[in-house]
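**Student:** Before we start, here is the structure in question, set down as structure tokens.
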2 protein chains.
Amino acid sequence: MDKVKIGLLGCGTVGTGVIQVLAKNKDLISAKTGTHLEVTKVLVRDLQKDRGINDQNITFTSNVNDILGDPEIKIVIEVMGGISPAKEYILQALSLGKNVVTANKDLMALHGKDLFEAASQGHVDLRFEASVGGGIPIIGPLKSSLAGNKIWRIMGIINGTTNYILSKMEKEKLEFNQILAEAQRLGYAESDPSADIEGLDAARKIAILASIAFNSRVTFSNVYVEGITKITSRDIIYANELGYTIKLLGLAQEENGTIEVRVHPAFIPLNHPLAKVDDVNNAIYVQGDAVGNAMFYGRGAGKLPTASAIVGDIIEIVRNIFQKVYDEAYCTCFEQKSIKPVRDIETKYYLRLTVIDRPGVLAGIASVFGQQEVSIASVVQKRKDKDVAELVLITHQVKEANLQDALNIINNLPSIIQINNVIRVEELDNQGKEAE
Amino acid sequence: MDKVKIGLLGCGTVGTGVIQVLAKNKDLISAKTGTHLEVTKVLVRDLQKDRGINDQNITFTSNVNDILGDPEIKIVIEVMGGISPAKEYILQALSLGKNVVTANKDLMALHGKDLFEAASQGHVDLRFEASVGGGIPIIGPLKSSLAGNKIWRIMGIINGTTNYILSKMEKEKLEFNQILAEAQRLGYAESDPSADIEGLDAARKIAILASIAFNSRVTFSNVYVEGITKITSRDIIYANELGYTIKLLGLAQEENGTIEVRVHPAFIPLNHPLAKVDDVNNAIYVQGDAVGNAMFYGRGAGKLPTASAIVGDIIEIVRNIFQKVYDEAYCTCFEQKSIKPVRDIETKYYLRLTVIDRPGVLAGIASVFGQQEVSIASVVQKRKDKDVAELVLITHQVKEANLQDALNIINNLPSIIQINNVIRVEELDNQGKEAE
């Protein structure tokens, strides 16, 4: 086999990056695979647009059938994004016996099961390393090097935009909206930033990671999601004073066959390795019964990092094509675990309240928490302005339902002016889960 | 195929860990591989010793031929360590068509080529994830997820004992010998700690990593090595004052087909992710033209983390056995790059000197450096005691040969009482090596 032909669906930033990496490292990749990889056809919407690609072997087409109908194309790379028509194209490619590499987290988090079934029926590979953490190898390691572990928690900072915003808010003591505007100017945030700042992007990624870690299908709709728009500079300052930083955390953990999976801002201890991941960087922290703790760190997005992951997947597929095999067991969702309702999760909470400053107010609040079985670890009056005081409370480990019920009651107390913020505090300790 | 039989060579800490992980996660591993993995025979020196293993299916033997001669055993795990007879046993196993997993860094760093040739001739797999970084997935990711990158630098903190000692010296402001004794009490350092503290263990690991990263065989003897025994608490304090920490760094980089590979204590900037890796933790930092920077972090040693890596390799091999294939291209040393002599490397240096405190001394030193083309970035007099002063100098980027020549001359100046320490200062910046 002197060459393997590749078709590309989409040619935006990531698609251009794939062409670029395959071209620049052509000899290296040929030496590793024993063949030449050649992108022969690229699906684009606008045939007139100049993408700066001067490869004479590449045919641009706006008709997907030129690619899906080409029997010489053995690998299809989907980098168009979105659910439809990406899903239909991928399903068709798989059913036609073409291997597929996708960077599409939206699709994998929603329709992973359908895609895997099609790959299995087509006896071909479906790979998606680029869908989580950009260039950071995480799906590969989970599926091979760490495959002997019972993983009990996987979590991380898996959205660069929000990490940039929170890091900047912390360093420069500025507010969310100021930094968002700056991030948009710098291209770190999109003009419609909602998928990032509302936590949806991170939710898709944690759904994918949880599915692999716990061998049970977790979809986007299983994930409890909160974004970072309500975080203020003051919350971050108080977090620092208490020995924490605030990160948008994607967290999934399993206990007794039940999976808890959520994305929300969280206090995490300053001495935890995830606390030190700043700027647009991502990191995924895996806790397994044999490996203990392992962390994977790098750029979670961008043209070349994402292309790095895609080209790695292409190389693995080419090796399989050579061996006339495919990864039959690449989908490992062979179990059916239940998802824990958010009201059942247990963690600590940081609460910032504005109250009327008069005797008995704290007693009233404390009494409500006590009745709802919410145990308070500390209360500090942070500021006082005429008759108004700001209180910061940290709870012990409590059940979410109890906390929410208490907050509903407290919100109606006449002495409460506002519940300014409620942020989960994650200690992230190991709880002795080793295999010993 | 209803089961795959495994033979174990050696049953110390790691061997026991492998048996333990395979037993505890038996069902999970069966689900992932579609078969049952069974350790049937274990080679031990002392048949009487109780290892706390109560598996009735395991036969302990002191005769290696019971394992190598057993045609039912498809995978041999070598965890005995040392060069001989481990090498002979592995070569024999490979030539008999048995797949091999080894944790033996000494062997891989010295005889990797012979072992890979034997694996290739035997049409079997040879895997060694556990030889570097304990449970941290690094060899797998380099060989697959990152395979599309031209890697230009790989470096890391790859020895837990020395990282524990340096971290403790920094935190507690104590001297090397005090912490070494404590580390020995805690089991973090061996009774003969020389392989760790002299940098030999790290040198073996960086040789293995460099071979994979640069696709060219790098052996232990190619690595320039310095240990940490000369580092004092005072050096660490000065490093901190200057914005650095001191780590035992394994570093390999390639430029124009020449590989530079070294292990020595180094100043690294406090804001670099490797600076934050403390205690017994390890981290490997990979810089490639597509991925940018990626870091892999975790426990670099220990019973269960090492077993995690070995079991991951076993699972990959079982998948191959099922598919009736082996990883023909697992060895990627298809190039022959030269090794840069240490005298040709270029970096910055920290120098701590004790000198006679009189006018003209600094001029004399500066003049020698100037003549040898060593450019000085800063000089600070740190202490003064009667007629004796301590100077700390930081150089600009200079050639090692020039520095060493200068130091030889300076050492003979009458005004020099002692050259207390010479430590390389690594800025670890990226130098714009992206694929763009």
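In the structure tokens, chains take letters A, B, ... by order of appearance, with residues numbered from 1 within each chain and ligands from 1 in the order shown.
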Using only C-alpha atoms, determine which residues of chain B fall within 6 Å of chain A; present them as a PyMOL selection string.
**Tutor:** chain B and resi 135+137+144-148+290-291+293-298+304-305+308-309+311-312
**Student:** Counting only C-alpha atoms, give me one row per residue of stretch 299-387 of chain B with an atom at most 10 Å from an atom of stretch 234-238 of chain B, showing the shortest contact pair and its distance in Å to one decimal, sorted by chain then residue number, as a Markdown table.
**Tutor:**
| residue | atom | partner | partner_atom | distance |
| --- | --- | --- | --- | --- |
| B:Tyr350 | CA | B:Asp235 | CA | 9.2 |
| B:Leu351 | CA | B:Asp235 | CA | 9.5 |
| B:Arg352 | CA | B:Asp235 | CA | 8.0 |
| B:Lys382 | CA | B:Tyr238 | CA | 8.9 |
**Student:** Step one, run DSSP on the backbone; step two, keep only residues of stretch 59-301 of chain B assigned to helix (DSSP H, G or I); then write them as a ChimeraX atom specification.
**Tutor:** /B:65-68,86-95,105-122,129-131,139-143,160-172,176-186,194-197,200-214,220-222,233-241,273-276
**Student:** List as an MDAnalysis selection string the protein and nucleic acid residues near B:Val100, meaning an atom at most 9 Å away when only C-alpha atoms are counted, but skip any in the same chain fewer than 2 places from it.
**Tutor:** chainID B and resid 74:78 90 93:94 98 102 119 124:128 314 317
**Student:** Have a look at atom CA of B:Val422 and atom CA of B:Glu170 and let me know their distance in Å, one decimal.
**Tutor:**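 Between atom CA of B:Val422 and atom CA of B:Glu170 the gap is 18.0 Å.
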**Student:** Any idea what's packed within 12 Å of B:Tyr89, counting only C-alpha atoms, ignoring anything in its chain fewer than 3 positions away? Could you give it as a VMD selection string?
**Tutor:** chain B and resid 7 to 10 43 63 to 69 76 to 86 92 to 96 98 100 102 107 115 118
**Student:** Since we have the selection now, will you write its residues out, keeping C-alpha atoms, as a CSV table (one decimal), in the first residue's frame?
**Tutor:**
chain,number,residue,atom,x,y,z
B,7,GLY,CA,4.0,-15.7,33.4
B,8,LEU,CA,5.7,-13.3,35.9
B,9,LEU,CA,9.5,-13.1,36.3
B,10,GLY,CA,10.0,-11.7,39.7
B,43,LEU,CA,9.5,-17.0,39.0
B,63,ASN,CA,13.1,-22.5,37.4
B,64,VAL,CA,12.7,-20.0,34.6
B,65,ASN,CA,12.2,-22.8,32.1
B,66,ASP,CA,8.9,-23.6,33.7
B,67,ILE,CA,7.7,-20.3,32.4
B,68,LEU,CA,9.7,-19.9,29.2
B,69,GLY,CA,9.1,-23.5,28.2
B,76,VAL,CA,5.8,-12.7,30.1
B,77,ILE,CA,6.1,-9.8,32.6
B,78,GLU,CA,9.6,-9.0,33.7
B,79,VAL,CA,9.8,-7.3,37.0
B,80,MET,CA,13.0,-8.7,38.4
B,81,GLY,CA,15.1,-5.7,37.4
B,82,GLY,CA,18.8,-5.5,36.7
B,83,ILE,CA,20.6,-6.4,33.4
B,84,SER,CA,21.4,-10.1,33.8
B,85,PRO,CA,19.7,-12.5,33.8
B,86,ALA,CA,16.6,-10.3,32.9
B,92,GLN,CA,14.5,-16.0,25.1
B,93,ALA,CA,10.9,-15.3,25.7
B,94,LEU,CA,10.7,-13.1,22.6
B,95,SER,CA,12.4,-15.6,20.4
B,96,LEU,CA,10.0,-18.2,21.6
B,98,LYS,CA,6.0,-14.7,23.8
B,100,VAL,CA,6.9,-9.3,26.9
B,102,THR,CA,9.0,-5.0,31.2
B,107,LEU,CA,17.8,-2.7,30.5
B,115,LEU,CA,15.3,-6.4,22.7
B,118,ALA,CA,14.3,-9.9,19.1
**Student:** Just list the residues in stretch 41-202 of chain B DSSP gives strand (DSSP E or B) on the backbone, as a ChimeraX atom specification.
**Tutor:** /B:41-43,59-61,73-78,99-102,126-127,151-157
**Student:** Generate a file of the selected residues that holds N, CA and C atoms, formatted as a tab-separated table (two decimals), in the first residue's frame.
**Tutor:**
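Final output, result_29.tsv:
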chain	number	residue	atom	x	y	z
B	41	LYS	N	2.08	-18.71	36.33
B	41	LYS	CA	3.36	-19.08	36.93
B	41	LYS	C	4.18	-17.85	37.28
B	42	VAL	N	4.87	-17.94	38.41
B	42	VAL	CA	5.68	-16.81	38.88
B	42	VAL	C	7.07	-17.31	39.25
B	43	LEU	N	8.08	-16.68	38.66
B	43	LEU	CA	9.46	-17.03	38.98
B	43	LEU	C	9.91	-16.27	40.23
B	59	THR	N	1.31	-20.98	40.20
B	59	THR	CA	2.40	-21.87	40.61
B	59	THR	C	3.67	-21.03	40.76
B	60	PHE	N	4.29	-21.11	41.92
B	60	PHE	CA	5.57	-20.44	42.11
B	60	PHE	C	6.69	-21.41	41.74
B	61	THR	N	7.68	-20.90	41.02
B	61	THR	CA	8.79	-21.76	40.62
B	61	THR	C	10.09	-20.98	40.71
B	73	ILE	N	1.75	-20.06	27.96
B	73	ILE	CA	1.99	-18.68	28.43
B	73	ILE	C	2.29	-17.80	27.23
B	74	LYS	N	1.42	-16.80	27.02
B	74	LYS	CA	1.55	-15.92	25.85
B	74	LYS	C	2.21	-14.59	26.19
B	75	ILE	N	2.18	-14.25	27.48
B	75	ILE	CA	2.75	-12.95	27.88
B	75	ILE	C	3.66	-13.17	29.08
B	76	VAL	N	4.86	-12.62	28.99
B	76	VAL	CA	5.81	-12.70	30.10
B	76	VAL	C	6.03	-11.28	30.63
B	77	ILE	N	5.87	-11.14	31.96
B	77	ILE	CA	6.07	-9.84	32.60
B	77	ILE	C	7.40	-9.90	33.35
B	78	GLU	N	8.33	-9.02	32.98
B	78	GLU	CA	9.62	-9.03	33.65
B	78	GLU	C	9.67	-7.90	34.66
B	99	ASN	N	5.01	-12.56	24.04
B	99	ASN	CA	5.01	-11.11	24.21
B	99	ASN	C	5.60	-10.77	25.57
B	100	VAL	N	6.28	-9.63	25.65
B	100	VAL	CA	6.94	-9.26	26.90
B	100	VAL	C	6.54	-7.85	27.33
B	101	VAL	N	6.27	-7.72	28.63
B	101	VAL	CA	6.09	-6.40	29.25
B	101	VAL	C	7.19	-6.27	30.30
B	102	THR	N	7.92	-5.16	30.26
B	102	THR	CA	8.97	-4.98	31.25
B	102	THR	C	8.90	-3.60	31.88
B	126	LEU	N	6.75	-6.04	22.51
B	126	LEU	CA	7.59	-5.71	23.66
B	126	LEU	C	7.12	-4.35	24.14
B	127	ARG	N	6.61	-4.27	25.36
B	127	ARG	CA	6.10	-2.98	25.85
B	127	ARG	C	6.74	-2.64	27.19
B	151	ILE	N	8.72	16.34	17.73
B	151	ILE	CA	9.00	16.77	19.10
B	151	ILE	C	10.40	17.36	19.13
B	152	TRP	N	10.51	18.53	19.72
B	152	TRP	CA	11.85	19.14	19.73
B	152	TRP	C	12.45	19.17	21.13
B	153	ARG	N	11.60	19.00	22.14
B	153	ARG	CA	12.18	18.88	23.49
B	153	ARG	C	11.29	18.00	24.35
B	154	ILE	N	11.92	17.15	25.16
B	154	ILE	CA	11.18	16.40	26.17
B	154	ILE	C	12.01	16.49	27.44
B	155	MET	N	11.34	16.79	28.53
B	155	MET	CA	12.10	16.97	29.77
B	155	MET	C	11.18	16.69	30.93
B	156	GLY	N	11.79	16.58	32.10
B	156	GLY	CA	10.91	16.36	33.23
B	156	GLY	C	11.61	16.07	34.52
B	157	ILE	N	10.76	15.90	35.49
B	157	ILE	CA	11.18	15.49	36.83
B	157	ILE	C	10.83	14.03	36.89
**Student:** Which residues are near A:Phe267? Cut-off 12 Å, only C-alpha atoms, ignore same chain within fewer than 2 positions. Put them as a PyMOL selection string.
**Tutor:** chain A and resi 166+231+235-249+264-265+269-272+274-275+347-351+394+422-428
**Student:** Restricting the calculation to only C-alpha atoms, which member of A:Phe322, A:Lys49, A:Pro414, A:Lys168 is positioned closest to A:Lys3?
**Tutor:** A:Phe322
